[in-house]
$ cat final-v9.cif   # mmCIF, C-alpha atoms
data_entry
loop_
_atom_site.group_PDB
_atom_site.id
_atom_site.type_symbol
_atom_site.label_atom_id
_atom_site.label_comp_id
_atom_site.auth_asym_id
_atom_site.auth_seq_id
_atom_site.Cartn_x
_atom_site.Cartn_y
_atom_site.Cartn_z
ATOM 1 C CA MET Z 1 -16.419 32.235 -4.820
ATOM 2 C CA MET Z 2 -15.909 28.534 -5.470
ATOM 3 C CA LYS Z 3 -18.974 26.283 -5.190
ATOM 4 C CA PRO Z 4 -18.884 23.863 -2.207
ATOM 5 C CA ILE Z 5 -19.056 20.778 -4.461
ATOM 6 C CA THR Z 6 -16.128 21.994 -6.564
ATOM 7 C CA LEU Z 7 -14.138 22.809 -3.430
ATOM 8 C CA ILE Z 8 -14.802 19.352 -1.987
ATOM 9 C CA GLN Z 9 -13.844 17.705 -5.288
ATOM 10 C CA ASN Z 10 -10.624 19.710 -5.475
ATOM 11 C CA LEU Z 11 -9.711 18.893 -1.874
ATOM 12 C CA ALA Z 12 -10.455 15.206 -2.458
ATOM 13 C CA VAL Z 13 -8.261 15.145 -5.557
ATOM 14 C CA ILE Z 14 -5.433 16.928 -3.709
ATOM 15 C CA LEU Z 15 -5.708 14.468 -0.821
ATOM 16 C CA LEU Z 16 -5.681 11.475 -3.145
ATOM 17 C CA VAL Z 17 -2.723 12.831 -5.117
ATOM 18 C CA ALA Z 18 -0.849 13.324 -1.827
ATOM 19 C CA LEU Z 19 -1.642 9.726 -0.823
ATOM 20 C CA ALA Z 20 -0.510 8.466 -4.217
ATOM 21 C CA LEU Z 21 2.764 10.389 -3.893
ATOM 22 C CA LEU Z 22 3.221 8.964 -0.402
ATOM 23 C CA LEU Z 23 2.662 5.472 -1.745
ATOM 24 C CA VAL Z 24 5.168 6.036 -4.537
ATOM 25 C CA ALA Z 25 7.661 7.446 -2.030
ATOM 26 C CA ALA Z 26 7.255 4.337 0.106
ATOM 27 C CA ARG Z 27 7.780 1.978 -2.844
ATOM 28 C CA LEU Z 28 10.385 3.620 -5.055
ATOM 29 C CA PRO Z 29 13.904 4.743 -4.246
ATOM 30 C CA ILE Z 30 14.064 8.400 -3.303
ATOM 31 C CA PRO Z 31 17.219 10.376 -4.135
ATOM 32 C CA GLY Z 32 19.378 10.579 -1.028
ATOM 33 C CA ASN Z 33 18.349 7.020 -0.127
ATOM 34 C CA TYR Z 34 15.448 8.162 2.056
ATOM 35 C CA LYS Z 35 13.177 5.341 3.161
ATOM 36 C CA VAL Z 36 9.601 5.481 4.441
ATOM 37 C CA PHE Z 37 8.443 3.013 7.093
ATOM 38 C CA THR Z 38 5.488 2.449 9.405
ATOM 39 C CA VAL Z 39 5.901 1.904 13.151
ATOM 40 C CA ILE Z 40 4.082 -1.353 13.925
ATOM 41 C CA SER Z 41 4.923 -1.905 17.597
ATOM 42 C CA GLY Z 42 4.951 0.128 20.776
ATOM 43 C CA SER Z 43 8.604 -0.531 21.604
ATOM 44 C CA MET Z 44 9.587 3.088 20.875
ATOM 45 C CA GLU Z 45 6.699 4.827 22.615
ATOM 46 C CA PRO Z 46 6.333 7.609 23.568
ATOM 47 C CA ALA Z 47 8.936 8.887 21.043
ATOM 48 C CA LEU Z 48 7.330 7.017 18.119
ATOM 49 C CA LYS Z 49 3.683 6.065 18.372
ATOM 50 C CA ILE Z 50 2.250 2.905 16.822
ATOM 51 C CA GLY Z 51 0.978 3.742 13.333
ATOM 52 C CA SER Z 52 3.409 6.605 12.786
ATOM 53 C CA MET Z 53 5.069 7.037 9.431
ATOM 54 C CA ILE Z 54 8.819 7.540 9.762
ATOM 55 C CA VAL Z 55 11.388 8.706 7.252
ATOM 56 C CA SER Z 56 14.944 7.383 7.622
ATOM 57 C CA ALA Z 57 18.088 8.344 5.735
ATOM 58 C CA PRO Z 58 21.664 7.096 5.977
ATOM 59 C CA ALA Z 59 24.051 9.179 8.072
ATOM 60 C CA LYS Z 60 27.853 9.359 7.998
ATOM 61 C CA ASP Z 61 27.981 8.152 11.565
ATOM 62 C CA TYR Z 62 25.547 7.196 14.275
ATOM 63 C CA GLN Z 63 25.737 8.193 17.917
ATOM 64 C CA ILE Z 64 24.358 6.749 21.124
ATOM 65 C CA GLY Z 65 20.835 8.103 21.420
ATOM 66 C CA ASP Z 66 20.122 8.176 17.675
ATOM 67 C CA ILE Z 67 16.947 6.405 16.575
ATOM 68 C CA VAL Z 68 17.802 4.110 13.658
ATOM 69 C CA THR Z 69 15.930 1.734 11.387
ATOM 70 C CA PHE Z 70 17.677 -1.572 10.745
ATOM 71 C CA GLY Z 71 17.176 -5.194 9.729
ATOM 72 C CA GLU Z 72 15.785 -6.912 6.669
ATOM 73 C CA ILE Z 73 12.864 -6.141 4.404
ATOM 74 C CA SER Z 74 11.002 -9.132 2.992
ATOM 75 C CA ASP Z 75 7.498 -10.573 2.855
ATOM 76 C CA THR Z 76 8.018 -12.120 6.283
ATOM 77 C CA LYS Z 77 10.421 -9.671 7.933
ATOM 78 C CA VAL Z 78 10.082 -6.003 8.686
ATOM 79 C CA PRO Z 79 12.857 -3.717 9.852
ATOM 80 C CA ALA Z 80 12.959 -2.478 13.436
ATOM 81 C CA THR Z 81 13.358 1.083 14.629
ATOM 82 C CA HIS Z 82 15.106 1.483 17.986
ATOM 83 C CA ARG Z 83 17.459 3.846 19.752
ATOM 84 C CA ILE Z 84 21.207 3.154 19.790
ATOM 85 C CA HIS Z 85 21.993 2.180 23.385
ATOM 86 C CA ASP Z 86 25.696 1.375 22.956
ATOM 87 C CA ILE Z 87 28.340 1.078 20.219
ATOM 88 C CA LYS Z 88 31.043 -1.577 19.993
ATOM 89 C CA ILE Z 89 33.759 -2.521 17.575
ATOM 90 C CA VAL Z 90 33.777 -6.233 16.763
ATOM 91 C CA ASP Z 91 36.473 -7.575 14.430
ATOM 92 C CA GLY Z 92 37.189 -4.004 13.283
ATOM 93 C CA ALA Z 93 33.561 -3.265 12.370
ATOM 94 C CA LEU Z 94 31.022 -1.057 14.122
ATOM 95 C CA VAL Z 95 28.205 -2.882 15.848
ATOM 96 C CA TYR Z 96 25.237 -1.196 17.505
ATOM 97 C CA ILE Z 97 23.392 -2.359 20.583
ATOM 98 C CA THR Z 98 19.842 -1.057 20.258
ATOM 99 C CA LYS Z 99 16.944 -0.761 22.655
ATOM 100 C CA GLY Z 100 13.348 0.300 22.318
ATOM 101 C CA ASP Z 101 12.465 3.180 24.634
ATOM 102 C CA ALA Z 102 9.581 1.168 26.113
ATOM 103 C CA ASN Z 103 11.727 -1.965 26.587
ATOM 104 C CA LYS Z 104 13.470 -2.669 29.886
ATOM 105 C CA THR Z 105 16.549 -4.300 28.326
ATOM 106 C CA PRO Z 106 18.584 -3.859 25.137
ATOM 107 C CA ASP Z 107 17.756 -5.970 22.083
ATOM 108 C CA GLY Z 108 19.119 -9.504 22.122
ATOM 109 C CA ARG Z 109 21.241 -9.157 19.009
ATOM 110 C CA GLU Z 110 23.892 -6.724 17.953
ATOM 111 C CA VAL Z 111 23.254 -4.807 14.747
ATOM 112 C CA PRO Z 112 26.111 -4.528 12.227
ATOM 113 C CA GLN Z 113 26.418 -1.133 10.531
ATOM 114 C CA SER Z 114 25.651 -2.794 7.184
ATOM 115 C CA GLU Z 115 22.079 -3.556 8.383
ATOM 116 C CA VAL Z 116 21.258 0.035 9.316
ATOM 117 C CA PHE Z 117 18.978 1.773 6.782
ATOM 118 C CA GLY Z 118 19.397 5.113 8.416
ATOM 119 C CA LYS Z 119 18.636 7.542 11.160
ATOM 120 C CA VAL Z 120 15.027 8.577 11.710
ATOM 121 C CA LEU Z 121 14.655 12.145 10.451
ATOM 122 C CA PHE Z 122 11.031 12.695 11.400
ATOM 123 C CA SER Z 123 7.765 10.925 12.076
ATOM 124 C CA VAL Z 124 4.124 11.732 11.407
ATOM 125 C CA PRO Z 125 1.719 10.139 13.898
ATOM 126 C CA TYR Z 126 -0.999 7.878 12.440
ATOM 127 C CA LEU Z 127 0.001 8.475 8.806
ATOM 128 C CA GLY Z 128 1.518 4.983 8.767
ATOM 129 C CA TYR Z 129 -1.981 3.507 9.093
ATOM 130 C CA VAL Z 130 -2.994 5.341 5.933
ATOM 131 C CA LEU Z 131 0.223 4.284 4.193
ATOM 132 C CA ASN Z 132 -0.366 0.630 5.074
ATOM 133 C CA PHE Z 133 -3.955 0.869 3.833
ATOM 134 C CA VAL Z 134 -2.988 2.288 0.441
ATOM 135 C CA ARG Z 135 -0.360 -0.465 0.100
ATOM 136 C CA GLN Z 136 -3.193 -3.048 0.185
ATOM 137 C CA PRO Z 137 -5.091 -3.920 -3.023
ATOM 138 C CA LEU Z 138 -8.316 -2.227 -1.827
ATOM 139 C CA GLY Z 139 -6.495 0.942 -0.799
ATOM 140 C CA PHE Z 140 -4.472 1.061 -3.985
ATOM 141 C CA SER Z 141 -7.654 0.571 -6.032
ATOM 142 C CA LEU Z 142 -9.310 3.452 -4.208
ATOM 143 C CA ILE Z 143 -6.340 5.668 -4.994
ATOM 144 C CA ILE Z 144 -6.951 5.006 -8.697
ATOM 145 C CA VAL Z 145 -10.707 4.327 -8.925
ATOM 146 C CA LEU Z 146 -11.943 7.136 -6.661
ATOM 147 C CA PRO Z 147 -10.148 10.022 -8.409
ATOM 148 C CA ALA Z 148 -11.004 8.586 -11.814
ATOM 149 C CA SER Z 149 -14.663 8.321 -10.795
ATOM 150 C CA LEU Z 150 -14.667 11.906 -9.515
ATOM 151 C CA ILE Z 151 -13.194 13.138 -12.782
ATOM 152 C CA VAL Z 152 -15.682 11.160 -14.897
ATOM 153 C CA LEU Z 153 -18.610 12.332 -12.742
ATOM 154 C CA SER Z 154 -17.451 15.937 -12.966
ATOM 155 C CA GLU Z 155 -17.183 15.714 -16.763
ATOM 156 C CA LEU Z 156 -20.611 14.057 -17.064
ATOM 157 C CA VAL Z 157 -22.153 16.887 -15.020
ATOM 158 C CA LYS Z 158 -20.471 19.449 -17.295
ATOM 159 C CA ILE Z 159 -21.753 17.657 -20.411
ATOM 160 C CA TRP Z 160 -25.269 17.411 -18.961
ATOM 161 C CA ARG Z 161 -25.288 21.129 -18.068
ATOM 162 C CA GLN Z 162 -24.020 22.089 -21.516
ATOM 163 C CA ALA Z 163 -26.641 19.890 -23.157
ATOM 164 C CA ARG Z 164 -29.364 21.606 -21.087
ATOM 165 C CA LEU Z 165 -28.040 25.023 -22.074
ATOM 166 C CA ASN Z 166 -27.912 24.011 -25.737
ATOM 167 C CA GLY Z 167 -31.442 22.599 -25.496
ATOM 168 C CA SER Z 168 -32.726 25.851 -23.943
ATOM 169 C CA ALA Z 169 -30.941 27.908 -26.581
ATOM 170 C CA LYS Z 170 -32.427 25.754 -29.365
ATOM 171 C CA LYS Z 171 -35.946 26.178 -27.932
ATOM 172 C CA ASN Z 172 -35.425 29.954 -27.764
ATOM 173 C CA ASN Z 173 -34.136 30.015 -31.351
ATOM 174 C CA ASP Z 174 -37.080 27.891 -32.538
ATOM 175 C CA ALA Z 175 -39.511 30.221 -30.759
ATOM 176 C CA GLU Z 176 -37.874 33.272 -32.339
ATOM 177 C CA GLU Z 177 -38.037 31.660 -35.802
ATOM 178 C CA LYS Z 178 -41.698 30.866 -35.288
ATOM 179 C CA GLN Z 179 -42.392 34.462 -34.256
ATOM 180 C CA LYS Z 180 -40.568 35.750 -37.324
ATOM 181 C CA GLN Z 181 -42.533 33.428 -39.570
ATOM 182 C CA ASN Z 182 -45.798 34.429 -37.911
ATOM 183 C CA GLY Z 183 -44.781 38.091 -38.193
ATOM 184 C CA ASN Z 184 -43.975 37.734 -41.930
ATOM 185 C CA GLU Z 185 -47.297 36.030 -42.670
ATOM 186 C CA SER Z 186 -49.356 38.929 -41.324
#

$ encode --input "final-v9.cif" --output "structure tokens"
Amino acid sequence: MMKPITLIQNLAVILLVALALLLVAARLPIPGNYKVFTVISGSMEPALKIGSMIVSAPAKDYQIGDIVTFGEISDTKVPATHRIHDIKIVDGALVYITKGDANKTPDGREVPQSEVFGKVLFSVPYLGYVLNFVRQPLGFSLIIVLPASLIVLSELVKIWRQARLNGSAKKNNDAEEKQKQNGNES
């Protein structure tokens, strides 16, 4: 049976690796053009709770009722995630009228198809809070420093235990040698 400390260390490492992979998935392009976002407002509640992590991917076409993520990504702008309320064709191009489920009226601007990142495939409640934390310098540092510290601590404990075993073995060998010498002198 695994010792409780080892089990806790293993679970902590697995959790931190999962968080690191989530962070990488949120930052780097994923094959299939999947994108990871965090819900930061209540406009889509109850379908999408504040703090949920959502995964969006482009679709061939979008229908009324689909939840889509659209807009710009920059230091000052974040994309929105709303439900398609209506679809129009303006100057030969598709334009979506979106509306948050919790909003009484549709959004004030029409969304060209070129601004749509994709359709929401799934969401995980509250995981967005964790994702946002690990995107911050402190969170990112913990993702690196904490596992590294656990590994170093684990190795130091192994070295210390081995040194104690070697010290005990040396004492036993010294005692045996002394007994042999005392036995030979008689």

$ resolve_selection --input "final-v9.cif" --expression "the PyMOL selection byres ((chain Z and resi 3-14) around 12)" --output "MDAnalysis selection string"
chainID Z and resid 1:2 15:21 142:154 157:158

$ write_last_selection --input "final-v9.cif" --atoms "C-alpha atoms" --output "PDB file, in the coordinates of the input"
ATOM      1  CA  MET Z   1     -16.419  32.235  -4.820  1.00  0.00           C
ATOM      2  CA  MET Z   2     -15.909  28.534  -5.470  1.00  0.00           C
ATOM      3  CA  LEU Z  15      -5.708  14.468  -0.821  1.00  0.00           C
ATOM      4  CA  LEU Z  16      -5.681  11.475  -3.145  1.00  0.00           C
ATOM      5  CA  VAL Z  17      -2.723  12.831  -5.117  1.00  0.00           C
ATOM      6  CA  ALA Z  18      -0.849  13.324  -1.827  1.00  0.00           C
ATOM      7  CA  LEU Z  19      -1.642   9.726  -0.823  1.00  0.00           C
ATOM      8  CA  ALA Z  20      -0.510   8.466  -4.217  1.00  0.00           C
ATOM      9  CA  LEU Z  21       2.764  10.389  -3.893  1.00  0.00           C
ATOM     10  CA  LEU Z 142      -9.310   3.452  -4.208  1.00  0.00           C
ATOM     11  CA  ILE Z 143      -6.340   5.668  -4.994  1.00  0.00           C
ATOM     12  CA  ILE Z 144      -6.951   5.006  -8.697  1.00  0.00           C
ATOM     13  CA  VAL Z 145     -10.707   4.327  -8.925  1.00  0.00           C
ATOM     14  CA  LEU Z 146     -11.943   7.136  -6.661  1.00  0.00           C
ATOM     15  CA  PRO Z 147     -10.148  10.022  -8.409  1.00  0.00           C
ATOM     16  CA  ALA Z 148     -11.004   8.586 -11.814  1.00  0.00           C
ATOM     17  CA  SER Z 149     -14.663   8.321 -10.795  1.00  0.00           C
ATOM     18  CA  LEU Z 150     -14.667  11.906  -9.515  1.00  0.00           C
ATOM     19  CA  ILE Z 151     -13.194  13.138 -12.782  1.00  0.00           C
ATOM     20  CA  VAL Z 152     -15.682  11.160 -14.897  1.00  0.00           C
ATOM     21  CA  LEU Z 153     -18.610  12.332 -12.742  1.00  0.00           C
ATOM     22  CA  SER Z 154     -17.451  15.937 -12.966  1.00  0.00           C
ATOM     23  CA  VAL Z 157     -22.153  16.887 -15.020  1.00  0.00           C
ATOM     24  CA  LYS Z 158     -20.471  19.449 -17.295  1.00  0.00           C
TER      25      LYS Z 158
END

$ closest_residue --input "final-v9.cif" --among "Z:Pro46, Z:Ser41, Z:Pro112, Z:Gly65" --to "Z:Asp91" --atoms "all atoms listed in the file"
Z:Pro112

$ residues_around --input "final-v9.cif" --residues "stretch 37-39 of chain Z" --least-positions-apart "6" --cutoff "7 Å" --atoms "only C-alpha atoms" --output "list in words"
Ile50, Gly51, Ser52, Met53, Ile54, Val55 and Gly128 of chain Z

$ residues_around --input "final-v9.cif" --residues "stretch 114-121 of chain Z" --least-positions-apart "4" --cutoff "9 Å" --atoms "only C-alpha atoms" --output "ChimeraX atom specification"
/Z:33-35,54-59,62,66-72,79,81,94

$ closest_residue --input "final-v9.cif" --among "Z:Arg161, Z:Phe140, Z:Gln113, Z:Lys77" --to "Z:Gly92" --atoms "all atoms listed in the file"
Z:Gln113

$ atom_distance --input "final-v9.cif" --atom1 "atom CA of Z:Ile87" --atom2 "atom CA of Z:Asp75"
29.5 Å

$ closest_residue --input "final-v9.cif" --among "Z:Tyr96, Z:Tyr126, Z:Leu131, Z:Lys104" --to "Z:Val24" --atoms "only C-alpha atoms"
Z:Leu131

$ closest_residue --input "final-v9.cif" --among "Z:Val134, Z:Ile64, Z:Leu23, Z:Ile84" --to "Z:Gly100" --atoms "only C-alpha atoms"
Z:Ile84

$ closest_residue --input "final-v9.cif" --among "Z:Val90, Z:Val36, Z:Val95, Z:Ile30" --to "Z:Leu127" --atoms "all atoms listed in the file"
Z:Val36

$ atom_distance --input "final-v9.cif" --atom1 "atom CA of Z:Asp101" --atom2 "atom CA of Z:Ile40"
14.3 Å

$ atom_distance --input "final-v9.cif" --atom1 "atom CA of Z:Phe122" --atom2 "atom CA of Z:Ala102"
18.7 Å

$ axis_aligned_box --input "final-v9.cif" --around "stretch 124-137 of chain Z" --padding-each-side "6 Å" --output "AutoDock Vina command-line options"
--center_x -0.5 --center_y 3.9 --center_z 5.4 --size_x 21.2 --size_y 27.7 --size_z 28.9

$ decode --input "final-v9.cif" --residues "stretch 50-78 of chain Z" --atoms "N, CA, C and O atoms" --output "compact mmCIF listing (two decimals), in the first residue's frame"
# COMPACT_ATOMS: atom_id res chain seq x y z
N ILE Z 50 -20.60 32.38 -14.21
CA ILE Z 50 -19.40 33.20 -14.09
C ILE Z 50 -18.28 32.32 -13.55
O ILE Z 50 -18.48 31.52 -12.64
N GLY Z 51 -17.09 32.44 -14.14
CA GLY Z 51 -15.94 31.66 -13.71
C GLY Z 51 -15.82 30.31 -14.40
O GLY Z 51 -14.89 29.57 -14.14
N SER Z 52 -16.74 30.01 -15.30
CA SER Z 52 -16.63 28.74 -16.04
C SER Z 52 -15.55 28.84 -17.09
O SER Z 52 -15.31 29.90 -17.65
N MET Z 53 -14.91 27.71 -17.34
CA MET Z 53 -13.99 27.62 -18.47
C MET Z 53 -14.81 27.07 -19.63
O MET Z 53 -15.56 26.12 -19.46
N ILE Z 54 -14.68 27.70 -20.81
CA ILE Z 54 -15.38 27.20 -21.98
C ILE Z 54 -14.38 26.86 -23.07
O ILE Z 54 -13.29 27.45 -23.14
N VAL Z 55 -14.73 25.91 -23.89
CA VAL Z 55 -13.92 25.53 -25.04
C VAL Z 55 -14.77 25.77 -26.28
O VAL Z 55 -15.90 25.27 -26.36
N SER Z 56 -14.23 26.58 -27.20
CA SER Z 56 -14.93 26.91 -28.45
C SER Z 56 -14.11 26.38 -29.62
O SER Z 56 -12.88 26.34 -29.56
N ALA Z 57 -14.82 26.02 -30.68
CA ALA Z 57 -14.16 25.57 -31.91
C ALA Z 57 -15.00 26.05 -33.09
O ALA Z 57 -16.23 26.12 -33.01
N PRO Z 58 -14.33 26.40 -34.19
CA PRO Z 58 -15.07 26.84 -35.37
C PRO Z 58 -16.01 25.75 -35.88
O PRO Z 58 -15.72 24.56 -35.76
N ALA Z 59 -17.14 26.17 -36.43
CA ALA Z 59 -18.09 25.25 -37.03
C ALA Z 59 -18.30 25.66 -38.48
O ALA Z 59 -18.01 26.79 -38.86
N LYS Z 60 -18.79 24.73 -39.30
CA LYS Z 60 -19.05 25.06 -40.71
C LYS Z 60 -20.12 26.12 -40.82
O LYS Z 60 -20.04 27.02 -41.64
N ASP Z 61 -21.16 25.96 -40.00
CA ASP Z 61 -22.21 26.98 -39.99
C ASP Z 61 -22.75 27.09 -38.57
O ASP Z 61 -22.59 26.19 -37.75
N TYR Z 62 -23.38 28.21 -38.31
CA TYR Z 62 -23.94 28.48 -37.00
C TYR Z 62 -25.44 28.68 -37.15
O TYR Z 62 -25.90 29.26 -38.14
N GLN Z 63 -26.17 28.19 -36.16
CA GLN Z 63 -27.63 28.26 -36.20
C GLN Z 63 -28.13 29.16 -35.07
O GLN Z 63 -27.42 29.38 -34.08
N ILE Z 64 -29.36 29.62 -35.21
CA ILE Z 64 -30.00 30.34 -34.12
C ILE Z 64 -30.06 29.39 -32.93
O ILE Z 64 -30.43 28.22 -33.07
N GLY Z 65 -29.66 29.89 -31.79
CA GLY Z 65 -29.64 29.08 -30.57
C GLY Z 65 -28.25 28.60 -30.20
O GLY Z 65 -28.01 28.22 -29.05
N ASP Z 66 -27.31 28.62 -31.16
CA ASP Z 66 -25.93 28.23 -30.84
C ASP Z 66 -25.29 29.28 -29.93
O ASP Z 66 -25.51 30.48 -30.09
N ILE Z 67 -24.48 28.81 -28.99
CA ILE Z 67 -23.70 29.73 -28.15
C ILE Z 67 -22.34 29.86 -28.81
O ILE Z 67 -21.66 28.87 -29.04
N VAL Z 68 -21.97 31.11 -29.13
CA VAL Z 68 -20.71 31.37 -29.84
C VAL Z 68 -19.85 32.37 -29.08
O VAL Z 68 -20.35 33.19 -28.33
N THR Z 69 -18.55 32.26 -29.30
CA THR Z 69 -17.60 33.22 -28.75
C THR Z 69 -17.12 34.08 -29.90
O THR Z 69 -16.76 33.56 -30.96
N PHE Z 70 -17.11 35.39 -29.69
CA PHE Z 70 -16.78 36.32 -30.78
C PHE Z 70 -16.13 37.58 -30.22
O PHE Z 70 -16.17 37.83 -29.02
N GLY Z 71 -15.55 38.37 -31.13
CA GLY Z 71 -14.96 39.65 -30.75
C GLY Z 71 -13.47 39.67 -30.96
O GLY Z 71 -12.93 38.93 -31.78
N GLU Z 72 -12.82 40.51 -30.18
CA GLU Z 72 -11.37 40.69 -30.28
C GLU Z 72 -10.70 40.19 -29.01
O GLU Z 72 -11.29 40.21 -27.94
N ILE Z 73 -9.44 39.80 -29.16
CA ILE Z 73 -8.62 39.46 -28.00
C ILE Z 73 -7.45 40.43 -27.98
O ILE Z 73 -6.69 40.51 -28.93
N SER Z 74 -7.34 41.19 -26.89
CA SER Z 74 -6.20 42.09 -26.72
C SER Z 74 -6.03 42.32 -25.23
O SER Z 74 -6.77 41.75 -24.42
N ASP Z 75 -5.07 43.18 -24.87
CA ASP Z 75 -4.87 43.47 -23.45
C ASP Z 75 -6.06 44.20 -22.84
O ASP Z 75 -6.30 44.12 -21.65
N THR Z 76 -6.80 44.92 -23.67
CA THR Z 76 -7.93 45.70 -23.16
C THR Z 76 -9.29 45.14 -23.55
O THR Z 76 -10.30 45.55 -23.01
N LYS Z 77 -9.33 44.20 -24.48
CA LYS Z 77 -10.60 43.65 -24.93
C LYS Z 77 -10.63 42.14 -24.75
O LYS Z 77 -9.64 41.46 -24.99
N VAL Z 78 -11.77 41.66 -24.33
CA VAL Z 78 -11.97 40.22 -24.21
C VAL Z 78 -13.15 39.84 -25.08
O VAL Z 78 -14.08 40.62 -25.25
